[in-house]
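Asker: After the structure tokens below, expect a handful of questions from me.
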Amino acid sequence: MAAAILMFTGSLIVLPALLVLLFSGSEGEEATSSETMEDTAPDASGEQESDPESEVVVPVYRDAQDTVDHVELEEYVAGVVSAEMPSDFEMEALKAQALVARTFIAQQMEFAEGADLPGDAIVSDTTAHQVYKSSEELEQEWGADAEETKEKITEAVEATAGEIITYEDTPITASFFSTSNGYTENAEDYWEASVPYLQSVESPWDVDSPRYANTISYTVEEVEQQLGVEIPEGEDLSANKEKTEGDRVETVTIGDTSFQGREIREALDLDSSDFEWQLDGDEIVIHTKGWGHGVGMSQYGADGMAQEGMNYREIVDHYYHDVEISEDQAHTEAFVHHQEEEEKES
């Protein structure tokens with residue numbers, strides 16, 4: 001997904017580039033369009049007007065190929081949904097993922113100048129933004145099931161075509177992740193910046209995820225090297241630990257050194273910042289719950305809600321507080337006009 005906070009008012013509006021990277025949706029991946037935008041003729045006043053029939057094209061940086069592909073918007077959304085969510089998930093979960101994917105790129109369009117990517121790309125195909133795969137790549141991956149799977153994804157994308165999630169009339173940071181520990185996380189408890197619609201909610205459906213629980217072990221020496229500390233002999237690692245509202249580790253102290261739960265997770269490559277660890281001889285055994293940063297929509301939670309008969313709008317409303325599902329025209333029209341202007345100047 002993982003997985004951008006420019007979606008509302010106040011000081012956060014000035015942090016788009018940094019927060020798009022921080023709130024990258026995925027933690028879990030085109031039919032390439034070579035068509036270019038056509039210039040529109042000036043009106044009588046000499047001002048440029050966007051052609052309402054102009055195709056919205058997303059310039060995507062393909063990391064492995066080191067190229068920029070230009071992909072039609074809804075085709076791009078389909079490529080993201082296919083790469084980021086298992087295709088055997090319920091249709092309403094896939095629709096929710098399509099809405100999230102489209103919202104993310106609408107936000108990128110608004111802040112296209114800050115993408116810092118090669119060429120005219122505004123998004124990459126990696127977890128730094130949203131994982132994306134072309135139709136050719138997906139057909140190879142799906143094999144004999146390609147036609148049926150593509151039809152299912154296309155249905156989900158078309159059912160939500162043109163819709164995005166907004167907060168105060170602005171595209172949200174549509175953060176998502178694979179599996180919760182039973183709760184989602186407050187944005188400020190993982191990224192330190194508070195976002196009113198990214199707040200902790202219950203997500204009990206995730207217990208059915210194959211990554212709900214995991215156990216790994218490191219030697220004491222490996223943990224000391226990764227964290228840059230010396231673990232005192234007989235240290236009770238379960239002590240001196242504080243939890244977040246989402247029941248993940250907020251801070252933990254080893255000897256005289258304190259760490260954020262996120263720091264431990266990243267340093268030791270843990271599935272989640274909800275972890276319990278204990279000394280076992282010369283090893284440290286670590287048990288985790290959940291998979292991903294925990295902020296925003298849980299994909300397995302969304303699938304569980306869909307299995308219980310809830311639709312994509314109810315899924316979105318559950319994981320994102322006080323948002324609206326809106327028809328997006330302003331952001332895509334402005335982006336098309338921007339592309340046309342740049343093409344004229346080149």
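In the structure tokens, chains take the letters A, B, ... in the order shown, each chain's residues start at 1, and ligands count up from 1 in the order shown.
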Using DSSP on the backbone, list every residue of segment 113-176 of chain A that comes out as helix (DSSP H, G or I), and give them as number ranges by chain.

Answerer: A: 113-114, 135-159

Asker: Could you give me, as a Markdown table, a per-residue list for segment 223-297 of chain A showing, wherever an atom lies at most 6 Å from an atom of segment 171-187 of chain A, the closest pair of atoms and their distance in Å to one decimal, using only C-alpha atoms and sorting by chain then residue number from low to high?

Answerer:
```
| residue | atom | partner | partner_atom | distance |
| --- | --- | --- | --- | --- |
| A:Gly246 | CA | A:Glu185 | CA | 4.7 |
| A:Lys289 | CA | A:Asn181 | CA | 5.0 |
| A:Gly290 | CA | A:Asn181 | CA | 4.5 |
| A:Trp291 | CA | A:Thr179 | CA | 4.8 |
| A:Gly292 | CA | A:Phe177 | CA | 5.3 |
| A:Gly294 | CA | A:Thr184 | CA | 5.1 |
| A:Val295 | CA | A:Glu185 | CA | 4.9 |
| A:Gly296 | CA | A:Phe176 | CA | 4.8 |
| A:Met297 | CA | A:Phe176 | CA | 4.4 |
```

Asker: Given only C-alpha atoms as the basis, pick out the residue of A:Asp280, A:Asp208, A:Glu168, A:Asp303 nearest to Val316 of chain A.

Answerer: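 The shortest atom-to-atom distance to Val316 of chain A comes from A:Asp303.
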
Asker: Report, in Å with one decimal, the straight-line distance from atom CA of Glu233 of chain A to atom CA of Gly255 of chain A.

Answerer: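 A separation of 10.0 Å between them.
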